[in-house]
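Engineer: A single structure is presented below for examination.
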Amino acid sequence: MRASRLISLLLLLQSRGSMTAGELARELEVSERTVYRDVLALSAAGVPVYADRGRAGGYRLLGGYRTRLTGLTRDEAEALFLAGLPGPAGDMGLADAVAAAELKVLAALPPALRDAPVRAGQRFHLDVPGWFREAGPPPCLAELARAVWADRVVELRYRRGDREVTRRVQPYGLVLKNGVWYLVGRIGDDARTYRVDRVTGVEVGAEHFERNEGFDLAGHWREQATAFLRTMLRAEVTVRLSAAGLRQLRHLVDAPYVYDEVVAAASEPDEQGWVVAQLPVESVDVAYAQLLALGPEVEALDPPELRARMADAARRAAARYGGPAVP
């Protein structure tokens, strides 16, 4: 446990340059007294840790000291190469950089761990695109990725419906969702999202923008994705569901939170184990297609239009299966 903490402390100083005892204590989740003892232990082991005194003081490593990655465990080494699975990095034009970084990490590993990339590659493969989607990256993705890394303002030509628009955007980040790349950018104070496969042209300017360091890309994406789904679910239908139908409904709704809300608001089961629930849907047409997948495990109650369509589908299915199979 302590050995792992000492390595973490050393890597923190190596990556951040200088840190106070309080900052190290917060990062390592220990007391400042423990940090003082760990620094003494590193010094005794020959690591050149130097303490700067005064208000702006802290601990730092002397002379550009760098450590080799000999403190990695097998699990850590394999996880490191697992994080570099080919695919998204290559789409962004970073395949060569990832390969070079892996070679450098591999060279720094002790001999006993140098099979880590082979073991990870034999056991895990990341296939990002959906089943019925072309696997190639969007044409402008690599150029946008370079602009994101460099914090450069870009001018986008973007296909919106049957017309093309131009937008001057601060590219904050890229998100890969179900095989589709999205650009999150800012125009003034507004954060906006663009599908990269609809970008028809990119001009990267010389102007740098000041990034809001408090912007949380992952948190922003979660909020936007949830809000987008809620705007899609503009209608509501009332249904009766058997216990089996309620379980199967999980695979038909668009997001886990929708299913959880439906279950939480459902009525108590009746004598047959059926519940009444309100289901948010995109439209009656979409609800009809979704509920057909539940077969006899669901009964549509409202609106009347949906109930009539479900009843008609049931009559036609009964007629189809009422006689012998027709070859």
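Numbering starts fresh at 1 for the residues of each chain in the structure tokens, the chains themselves are lettered A, B, ... in the order given, and ligands are numbered from 1 as they appear.
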Run DSSP on the backbone and grab whatever in region 90-225 of chain A lands in strand (DSSP E); send it over as a count of residues only.

Structural biologist: 48

Engineer: Residues at most 6 Å from region 227-240 of chain A, counting only C-alpha atoms, excluding those fewer than 3 positions away in the same chain, as a PyMOL selection string?

Structural biologist: chain A and resi 224+275-283+298-302

Engineer: Can I get the selected residues back with N, CA and C atoms, as a compact mmCIF listing (two decimals), in the first residue's frame?

Structural biologist:
```txt
# COMPACT_ATOMS: atom_id res chain seq x y z
N GLN A 224 -26.92 17.39 -21.99
CA GLN A 224 -27.49 17.63 -23.31
C GLN A 224 -28.18 16.40 -23.86
N VAL A 275 -49.75 -4.45 -14.34
CA VAL A 275 -49.70 -3.08 -13.82
C VAL A 275 -50.12 -2.12 -14.92
N VAL A 276 -50.61 -0.95 -14.48
CA VAL A 276 -50.94 0.13 -15.42
C VAL A 276 -49.83 1.17 -15.33
N ALA A 277 -49.35 1.62 -16.48
CA ALA A 277 -48.23 2.57 -16.49
C ALA A 277 -48.41 3.58 -17.61
N GLN A 278 -47.84 4.77 -17.39
CA GLN A 278 -47.79 5.81 -18.42
C GLN A 278 -46.40 5.78 -19.06
N LEU A 279 -46.36 5.68 -20.37
CA LEU A 279 -45.11 5.53 -21.08
C LEU A 279 -44.86 6.75 -21.98
N PRO A 280 -43.81 7.54 -21.71
CA PRO A 280 -43.49 8.67 -22.61
C PRO A 280 -42.93 8.13 -23.92
N VAL A 281 -43.43 8.66 -25.05
CA VAL A 281 -43.03 8.17 -26.36
C VAL A 281 -42.82 9.35 -27.30
N GLU A 282 -42.15 9.08 -28.40
CA GLU A 282 -41.92 10.10 -29.40
C GLU A 282 -43.22 10.45 -30.13
N SER A 283 -44.05 9.43 -30.44
CA SER A 283 -45.32 9.63 -31.13
C SER A 283 -46.13 8.36 -30.99
N VAL A 298 -48.75 -6.96 -23.36
CA VAL A 298 -49.12 -5.57 -23.19
C VAL A 298 -50.53 -5.34 -23.72
N GLU A 299 -51.25 -4.41 -23.11
CA GLU A 299 -52.57 -3.97 -23.59
C GLU A 299 -52.55 -2.44 -23.61
N ALA A 300 -52.79 -1.86 -24.79
CA ALA A 300 -52.85 -0.40 -24.91
C ALA A 300 -54.21 0.08 -24.43
N LEU A 301 -54.21 1.06 -23.52
CA LEU A 301 -55.46 1.59 -22.97
C LEU A 301 -55.79 2.96 -23.55
N ASP A 302 -54.79 3.80 -23.74
CA ASP A 302 -55.04 5.17 -24.20
C ASP A 302 -53.79 5.68 -24.91
```

Engineer: For Ala150 (chain A), work out the shell of residues within 12 Å, counting only C-alpha atoms and skipping chain neighbours fewer than 4 positions away, then give it as a list of chain:residue names.

Structural biologist: A:Glu143, A:Leu144, A:Ala145, A:Arg146, A:Val154, A:Gln170, A:Pro171, A:Tyr172, A:Gly173, A:Val204, A:Gly205, A:Ala206, A:Glu207, A:His208, A:Phe209, A:Glu210, A:Arg211

Engineer: Would you mind listing what lies within 9 Å of Asp38 (chain A) as a list in words, with only C-alpha atoms counted and same-chain residues fewer than 5 positions away left out?

Structural biologist: Arg2, Arg5, Leu6, Leu9, Arg33 and Ser43 of chain A

Engineer: For N, CA, C and O atoms, I'd like the residues from the last selection saved as an mmCIF file, in the first residue's frame.

Structural biologist:
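Done, and the output landed in part-v4.cif:
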```
data_model
loop_
_atom_site.group_PDB
_atom_site.id
_atom_site.type_symbol
_atom_site.label_atom_id
_atom_site.label_comp_id
_atom_site.auth_asym_id
_atom_site.auth_seq_id
_atom_site.Cartn_x
_atom_site.Cartn_y
_atom_site.Cartn_z
ATOM 1 N N ARG A 2 1.910 1.274 0.923
ATOM 2 C CA ARG A 2 2.750 2.448 0.987
ATOM 3 C C ARG A 2 3.604 2.597 -0.274
ATOM 4 O O ARG A 2 3.825 3.700 -0.770
ATOM 5 N N ARG A 5 1.673 4.238 -2.875
ATOM 6 C CA ARG A 5 1.483 5.673 -2.580
ATOM 7 C C ARG A 5 2.751 6.461 -2.890
ATOM 8 O O ARG A 5 2.696 7.580 -3.403
ATOM 9 N N LEU A 6 3.918 5.878 -2.587
ATOM 10 C CA LEU A 6 5.176 6.553 -2.884
ATOM 11 C C LEU A 6 5.343 6.763 -4.387
ATOM 12 O O LEU A 6 5.793 7.823 -4.834
ATOM 13 N N LEU A 9 3.020 9.564 -5.415
ATOM 14 C CA LEU A 9 3.572 10.864 -5.025
ATOM 15 C C LEU A 9 4.664 11.298 -6.004
ATOM 16 O O LEU A 9 4.708 12.450 -6.456
ATOM 17 N N ARG A 33 1.075 14.961 7.546
ATOM 18 C CA ARG A 33 2.155 14.293 8.281
ATOM 19 C C ARG A 33 2.632 13.053 7.512
ATOM 20 O O ARG A 33 3.827 12.778 7.434
ATOM 21 N N SER A 43 13.514 10.543 -0.348
ATOM 22 C CA SER A 43 14.857 11.118 -0.280
ATOM 23 C C SER A 43 15.875 10.068 0.171
ATOM 24 O O SER A 43 16.981 9.989 -0.388
#
```

Engineer: May I ask which of the residues A:Tyr36, A:Trp221, A:Tyr288, A:Tyr257 is the closest one to Val184 (chain A), counting only C-alpha atoms?

Structural biologist: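 Between A:Tyr36, A:Trp221, A:Tyr288, A:Tyr257, the residue approaching Val184 (chain A) most closely is A:Trp221.
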
Engineer: Using only C-alpha atoms, determine which residues lie at most 8 Å from Gly87 (chain A), disregarding the query and same-chain residues fewer than 2 positions distant; provide the list as a list in words.

Structural biologist: Leu85, Ala89, Gly90, Asp91, Leu126, Asp127 and Val128 of chain A

Engineer: Could you tell me which of A:Arg26, A:Arg160, A:Arg37, A:Arg60 comes closest to Leu13 (chain A) if we count only C-alpha atoms?

Structural biologist: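 Result for the nearest residue to Leu13 (chain A): A:Arg60.
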
Engineer: DSSP on the backbone, then: every residue of region 105-224 of chain A marked alpha helix (DSSP H), written as a PyMOL selection string.

Structural biologist: chain A and resi 105-108+116-123+141-150+217-224

Engineer: Calculate how many Å separate CA of Glu155 (chain A) from CA of Asn212 (chain A), rounding to one decimal.

Structural biologist: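 Between these atoms lies a distance of 19.6 Å.
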
Engineer: Between A:Pro129, A:Val263, A:Asp96, A:Gly185, which has the minimum distance to Arg247 (chain A) (counting only C-alpha atoms)?

Structural biologist: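 Of the candidates, the smallest distance to Arg247 (chain A) is held by A:Val263.
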
Engineer: Given only C-alpha atoms as the basis, pick out the residue of A:Leu11, A:Val286, A:Leu294, A:Ala21 nearest to Thr34 (chain A).

Structural biologist: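 For Thr34 (chain A), the nearest of the candidates is A:Ala21.
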
Engineer: CA of Pro137 (chain A) and CA of Tyr182 (chain A), how far apart in Å?

Structural biologist: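 Distance between the two atoms: 11.6 Å.
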
Engineer: Enter the distance from CA of Gln272 (chain A) to CA of Gly295 (chain A), in Å, rounded to one decimal.

Structural biologist: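 So the answer is 17.0 Å.
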
Engineer: Write out as a PyMOL selection string the residues lying within 12 Å of Arg163 (chain A), counting only C-alpha atoms and excluding same-chain residues fewer than 6 positions away.

Structural biologist: chain A and resi 157+198-200

Engineer: Taking 5 positions as the minimum chain separation for residues in the same chain, which residues sit within 9 Å of Gly22 (chain A) when counting only C-alpha atoms? Answer as a PyMOL selection string.

Structural biologist: chain A and resi 27+31-32+35

Engineer: Could the residues in this selection be written to a file with N, CA, C and O atoms, as a short mmCIF file (atom, residue, chain, number, x, y, z; two decimals), in the first residue's frame?

Structural biologist:
```cif
data_model
loop_
_atom_site.label_atom_id
_atom_site.label_comp_id
_atom_site.auth_asym_id
_atom_site.auth_seq_id
_atom_site.Cartn_x
_atom_site.Cartn_y
_atom_site.Cartn_z
N GLU A 27 -4.59 14.92 -2.89
CA GLU A 27 -4.55 14.01 -4.03
C GLU A 27 -4.42 12.55 -3.58
O GLU A 27 -5.05 11.65 -4.15
N SER A 31 -2.91 12.30 5.35
CA SER A 31 -2.62 13.51 6.13
C SER A 31 -1.32 14.14 5.64
O SER A 31 -0.49 13.49 4.99
N GLU A 32 -1.14 15.42 5.98
CA GLU A 32 0.12 16.09 5.62
C GLU A 32 1.30 15.45 6.33
O GLU A 32 2.40 15.39 5.78
N VAL A 35 2.47 12.72 4.26
CA VAL A 35 3.22 13.23 3.11
C VAL A 35 4.66 13.53 3.52
O VAL A 35 5.62 13.19 2.79
#
```
